[in-house]
$ cat coords.pdb   # PDB, C-alpha atoms, pLDDT in the B column
ATOM      1  CA  MET A   1       0.000   0.000   0.000  1.00 48.00           C
ATOM      2  CA  ARG A   2       1.309   3.441  -0.915  1.00 49.00           C
ATOM      3  CA  THR A   3       1.689   6.086   1.734  1.00 51.00           C
ATOM      4  CA  THR A   4       0.339   9.594   1.201  1.00 54.00           C
ATOM      5  CA  ARG A   5       3.896  10.852   0.724  1.00 56.00           C
ATOM      6  CA  SER A   6       4.710   8.329  -2.002  1.00 59.00           C
ATOM      7  CA  ILE A   7       1.451   9.182  -3.813  1.00 59.00           C
ATOM      8  CA  GLU A   8       2.365  12.857  -3.743  1.00 64.00           C
ATOM      9  CA  GLU A   9       5.870  12.040  -4.988  1.00 60.00           C
ATOM     10  CA  ALA A  10       4.388   9.994  -7.835  1.00 58.00           C
ATOM     11  CA  LYS A  11       2.051  12.852  -8.803  1.00 58.00           C
ATOM     12  CA  ARG A  12       4.980  15.266  -8.763  1.00 61.00           C
ATOM     13  CA  GLY A  13       6.984  12.870 -10.929  1.00 57.00           C
ATOM     14  CA  LYS A  14       4.150  12.690 -13.469  1.00 56.00           C
ATOM     15  CA  ARG A  15       3.980  16.504 -13.583  1.00 57.00           C
ATOM     16  CA  LEU A  16       7.744  16.667 -14.194  1.00 55.00           C
ATOM     17  CA  ALA A  17       7.478  14.085 -16.987  1.00 53.00           C
ATOM     18  CA  ALA A  18       4.629  16.009 -18.620  1.00 52.00           C
ATOM     19  CA  LYS A  19       6.648  19.229 -18.434  1.00 53.00           C
ATOM     20  CA  ALA A  20       9.694  17.497 -19.948  1.00 50.00           C
ATOM     21  CA  CYS A  21       7.620  16.294 -22.904  1.00 49.00           C
ATOM     22  CA  ARG A  22       5.998  19.632 -23.768  1.00 50.00           C
ATOM     23  CA  ALA A  23       8.897  20.550 -26.010  1.00 50.00           C
ATOM     24  CA  GLY A  24       7.643  18.021 -28.551  1.00 54.00           C
ATOM     25  CA  PRO A  25       9.571  15.550 -30.634  1.00 55.00           C
ATOM     26  CA  ILE A  26      13.185  16.243 -31.421  1.00 55.00           C
ATOM     27  CA  ARG A  27      13.930  16.741 -35.085  1.00 64.00           C
ATOM     28  CA  PRO A  28      16.748  14.662 -36.536  1.00 71.00           C
ATOM     29  CA  LEU A  29      20.143  16.144 -35.812  1.00 77.00           C
ATOM     30  CA  SER A  30      21.907  17.808 -38.728  1.00 84.00           C
ATOM     31  CA  MET A  31      25.620  17.369 -39.354  1.00 89.00           C
ATOM     32  CA  GLN A  32      26.130  20.855 -37.925  1.00 90.00           C
ATOM     33  CA  ASP A  33      24.218  19.851 -34.750  1.00 88.00           C
ATOM     34  CA  LEU A  34      26.310  16.681 -34.423  1.00 89.00           C
ATOM     35  CA  THR A  35      29.546  18.625 -34.880  1.00 91.00           C
ATOM     36  CA  ARG A  36      28.525  21.084 -32.151  1.00 92.00           C
ATOM     37  CA  PHE A  37      27.459  18.175 -29.916  1.00 92.00           C
ATOM     38  CA  TRP A  38      30.747  16.226 -30.217  1.00 93.00           C
ATOM     39  CA  LYS A  39      32.824  19.403 -29.798  1.00 95.00           C
ATOM     40  CA  ASN A  40      31.424  19.634 -26.255  1.00 94.00           C
ATOM     41  CA  VAL A  41      31.771  15.982 -25.206  1.00 95.00           C
ATOM     42  CA  ALA A  42      34.815  14.695 -23.327  1.00 94.00           C
ATOM     43  CA  LEU A  43      35.051  10.965 -24.074  1.00 93.00           C
ATOM     44  CA  GLY A  44      36.492   8.663 -21.455  1.00 88.00           C
ATOM     45  CA  ASP A  45      36.396   5.139 -20.094  1.00 91.00           C
ATOM     46  CA  GLY A  46      33.510   6.037 -17.778  1.00 94.00           C
ATOM     47  CA  CYS A  47      31.097   8.887 -18.336  1.00 95.00           C
ATOM     48  CA  TRP A  48      31.157  11.011 -21.482  1.00 96.00           C
ATOM     49  CA  LEU A  49      30.881  14.458 -19.914  1.00 96.00           C
ATOM     50  CA  TRP A  50      29.242  17.451 -21.521  1.00 96.00           C
ATOM     51  CA  SER A  51      31.422  20.574 -21.288  1.00 95.00           C
ATOM     52  CA  GLY A  52      29.040  23.017 -22.981  1.00 94.00           C
ATOM     53  CA  THR A  53      26.171  25.020 -21.511  1.00 93.00           C
ATOM     54  CA  LYS A  54      24.556  23.507 -18.407  1.00 95.00           C
ATOM     55  CA  THR A  55      21.522  24.155 -16.253  1.00 94.00           C
ATOM     56  CA  ARG A  56      21.880  25.125 -12.591  1.00 94.00           C
ATOM     57  CA  LYS A  57      21.490  21.433 -11.748  1.00 91.00           C
ATOM     58  CA  GLY A  58      24.330  20.423 -14.090  1.00 94.00           C
ATOM     59  CA  TYR A  59      22.332  19.000 -17.020  1.00 95.00           C
ATOM     60  CA  GLY A  60      23.814  19.811 -20.418  1.00 95.00           C
ATOM     61  CA  GLN A  61      21.832  21.868 -22.926  1.00 95.00           C
ATOM     62  CA  ILE A  62      22.210  22.712 -26.594  1.00 92.00           C
ATOM     63  CA  SER A  63      20.105  24.723 -29.028  1.00 88.00           C
ATOM     64  CA  VAL A  64      18.614  22.642 -31.827  1.00 85.00           C
ATOM     65  CA  GLY A  65      16.257  24.322 -34.253  1.00 80.00           C
ATOM     66  CA  TRP A  66      15.884  27.431 -32.075  1.00 81.00           C
ATOM     67  CA  ARG A  67      14.978  25.365 -28.998  1.00 85.00           C
ATOM     68  CA  SER A  68      17.053  24.489 -25.986  1.00 88.00           C
ATOM     69  CA  ARG A  69      17.311  20.700 -25.589  1.00 90.00           C
ATOM     70  CA  SER A  70      18.737  18.388 -22.940  1.00 92.00           C
ATOM     71  CA  VAL A  71      21.864  16.789 -24.324  1.00 94.00           C
ATOM     72  CA  HIS A  72      21.393  13.494 -22.496  1.00 94.00           C
ATOM     73  CA  ARG A  73      17.986  13.115 -24.143  1.00 93.00           C
ATOM     74  CA  LEU A  74      19.432  14.071 -27.535  1.00 91.00           C
ATOM     75  CA  ALA A  75      22.204  11.502 -27.080  1.00 93.00           C
ATOM     76  CA  TYR A  76      19.720   8.794 -26.126  1.00 94.00           C
ATOM     77  CA  GLU A  77      17.442   9.534 -29.075  1.00 90.00           C
ATOM     78  CA  HIS A  78      20.351   9.767 -31.513  1.00 89.00           C
ATOM     79  CA  PHE A  79      21.983   6.485 -30.461  1.00 91.00           C
ATOM     80  CA  LYS A  80      19.073   4.364 -29.198  1.00 92.00           C
ATOM     81  CA  GLY A  81      15.827   5.722 -30.661  1.00 89.00           C
ATOM     82  CA  THR A  82      12.861   7.907 -29.798  1.00 88.00           C
ATOM     83  CA  VAL A  83      11.426   8.344 -26.323  1.00 89.00           C
ATOM     84  CA  SER A  84       7.660   7.960 -25.935  1.00 88.00           C
ATOM     85  CA  PRO A  85       5.604  10.941 -24.697  1.00 85.00           C
ATOM     86  CA  GLY A  86       5.443  11.053 -20.907  1.00 86.00           C
ATOM     87  CA  ARG A  87       8.788   9.276 -20.530  1.00 92.00           C
ATOM     88  CA  MET A  88      12.132  10.672 -19.392  1.00 92.00           C
ATOM     89  CA  VAL A  89      15.757   9.818 -20.034  1.00 94.00           C
ATOM     90  CA  LEU A  90      17.446   8.963 -16.729  1.00 92.00           C
ATOM     91  CA  HIS A  91      21.076   8.291 -15.744  1.00 92.00           C
ATOM     92  CA  HIS A  92      22.426   5.008 -14.333  1.00 90.00           C
ATOM     93  CA  CYS A  93      25.604   6.870 -13.352  1.00 91.00           C
ATOM     94  CA  ASP A  94      23.949   9.717 -11.385  1.00 87.00           C
ATOM     95  CA  GLN A  95      26.032  12.248 -13.349  1.00 92.00           C
ATOM     96  CA  PRO A  96      23.780  14.959 -14.896  1.00 93.00           C
ATOM     97  CA  ALA A  97      26.425  15.977 -17.454  1.00 95.00           C
ATOM     98  CA  CYS A  98      26.882  12.413 -18.776  1.00 96.00           C
ATOM     99  CA  VAL A  99      25.783  11.698 -22.369  1.00 96.00           C
ATOM    100  CA  ARG A 100      27.170   8.162 -22.759  1.00 96.00           C
ATOM    101  CA  PRO A 101      24.304   6.085 -24.241  1.00 95.00           C
ATOM    102  CA  SER A 102      25.079   3.011 -22.108  1.00 95.00           C
ATOM    103  CA  HIS A 103      24.628   5.158 -18.973  1.00 95.00           C
ATOM    104  CA  LEU A 104      21.148   6.342 -20.033  1.00 95.00           C
ATOM    105  CA  TYR A 105      17.775   4.621 -19.768  1.00 93.00           C
ATOM    106  CA  VAL A 106      14.125   5.542 -20.237  1.00 94.00           C
ATOM    107  CA  GLY A 107      11.730   5.761 -17.317  1.00 92.00           C
ATOM    108  CA  ASP A 108       8.745   7.716 -16.088  1.00 90.00           C
ATOM    109  CA  GLY A 109       8.324  10.244 -13.291  1.00 86.00           C
ATOM    110  CA  LEU A 110       7.833   7.539 -10.687  1.00 87.00           C
ATOM    111  CA  ASP A 111      11.042   5.796 -11.790  1.00 85.00           C
ATOM    112  CA  ASN A 112      12.813   9.138 -11.463  1.00 84.00           C
ATOM    113  CA  MET A 113      11.459   9.657  -7.943  1.00 85.00           C
ATOM    114  CA  HIS A 114      12.426   6.112  -6.879  1.00 86.00           C
ATOM    115  CA  ASP A 115      15.893   6.772  -8.279  1.00 82.00           C
ATOM    116  CA  CYS A 116      16.150  10.018  -6.285  1.00 81.00           C
ATOM    117  CA  VAL A 117      15.093   8.291  -3.060  1.00 82.00           C
ATOM    118  CA  ARG A 118      17.422   5.312  -3.623  1.00 85.00           C
ATOM    119  CA  ARG A 119      20.378   7.661  -4.190  1.00 81.00           C
ATOM    120  CA  GLU A 120      19.372   9.908  -1.284  1.00 77.00           C
ATOM    121  CA  ARG A 121      18.906  12.991  -3.465  1.00 75.00           C
ATOM    122  CA  ILE A 122      15.568  13.808  -1.812  1.00 73.00           C
ATOM    123  CA  ALA A 123      15.841  16.074   1.211  1.00 69.00           C
ATOM    124  CA  LYS A 124      14.582  14.281   4.332  1.00 66.00           C
ATOM    125  CA  GLY A 125      14.624  15.154   7.993  1.00 62.00           C
ATOM    126  CA  GLN A 126      16.871  18.094   8.838  1.00 62.00           C
ATOM    127  CA  ARG A 127      17.912  18.531   5.196  1.00 56.00           C
ATOM    128  CA  ASN A 128      14.252  19.159   4.277  1.00 58.00           C
ATOM    129  CA  GLY A 129      14.338  22.807   5.331  1.00 58.00           C
ATOM    130  CA  ASN A 130      10.907  22.753   7.013  1.00 57.00           C
TER     131      ASN A 130
END
$ encode --input "coords.pdb" --output "structure tokens"
Amino acid sequence: MRTTRSIEEAKRGKRLAAKACRAGPIRPLSMQDLTRFWKNVALGDGCWLWSGTKTRKGYGQISVGWRSRSVHRLAYEHFKGTVSPGRMVLHHCDQPACVRPSHLYVGDGLDNMHDCVRRERIAKGQRNGN
């Protein structure tokens, strides 16, 4: 049985997924887009880290067709295929700047919230601020 808190977390996760999908489908990347993408990726044995523009939370962004796009989602869609509406691209490695396709997987808002709780990225107790 779900607790009230987990239901609220699930609802919040669904809202985040809906917001993430409002941008619409990503058009195929042009050669110019791919060149700009790879110019900002540091390849390595572990994570492939984005060195270009990032959000305050460390997620990479790039402009594609006059829209700002998440680079980890672009990488996933370029290498593995499209992401269904209402779904998100999540990181196995817990590194927001990572764009390595093998470190990315598709999930929904609830998967994202479970991931946050499992990795202790949700503020609880004294860290909550209330």
$ resolve_selection --input "coords.pdb" --expression "the PyMOL selection byres ((chain A and resi 30-47) around 9)" --output "compact mmCIF listing (two decimals) with C-alpha atoms, keeping the file's coordinate frame"
# COMPACT_ATOMS: atom_id res chain seq x y z
CA ARG A 27 13.93 16.74 -35.08
CA PRO A 28 16.75 14.66 -36.54
CA LEU A 29 20.14 16.14 -35.81
CA TRP A 48 31.16 11.01 -21.48
CA LEU A 49 30.88 14.46 -19.91
CA TRP A 50 29.24 17.45 -21.52
CA SER A 51 31.42 20.57 -21.29
CA GLY A 52 29.04 23.02 -22.98
CA THR A 53 26.17 25.02 -21.51
CA ILE A 62 22.21 22.71 -26.59
CA SER A 63 20.10 24.72 -29.03
CA VAL A 64 18.61 22.64 -31.83
CA VAL A 71 21.86 16.79 -24.32
CA ALA A 75 22.20 11.50 -27.08
CA CYS A 93 25.60 6.87 -13.35
CA GLN A 95 26.03 12.25 -13.35
CA ALA A 97 26.42 15.98 -17.45
CA CYS A 98 26.88 12.41 -18.78
CA VAL A 99 25.78 11.70 -22.37
CA ARG A 100 27.17 8.16 -22.76
CA HIS A 103 24.63 5.16 -18.97
$ resolve_selection --input "coords.pdb" --expression "the PyMOL selection byres ((chain A and resi 87) around 8)" --output "list of chain:residue names"
A:Ala17, A:Cys21, A:Val83, A:Ser84, A:Pro85, A:Gly86, A:Met88, A:Val89, A:Val106, A:Gly107, A:Asp108, A:Gly109
$ residues_near_point --input "coords.pdb" --point "(18.6, 19.6, -23.3)" --cutoff "9 Å" --atoms "all atoms listed in the file" --output "PyMOL selection string"
chain A and resi 54-55+59-63+67-74
$ atom_distance --input "coords.pdb" --atom1 "CA of Leu90 (chain A)" --atom2 "CA of Leu104 (chain A)"
5.6 Å
$ closest_residue --input "coords.pdb" --among "A:Gly58, A:Pro96, A:Gly81, A:His91" --to "Asp111 (chain A)" --atoms "all atoms listed in the file"
A:His91
$ atom_distance --input "coords.pdb" --atom1 "CA of Phe79 (chain A)" --atom2 "CA of Lys57 (chain A)"
24.0 Å
$ atom_distance --input "coords.pdb" --atom1 "CA of Tyr76 (chain A)" --atom2 "CA of Asp115 (chain A)"
18.4 Å
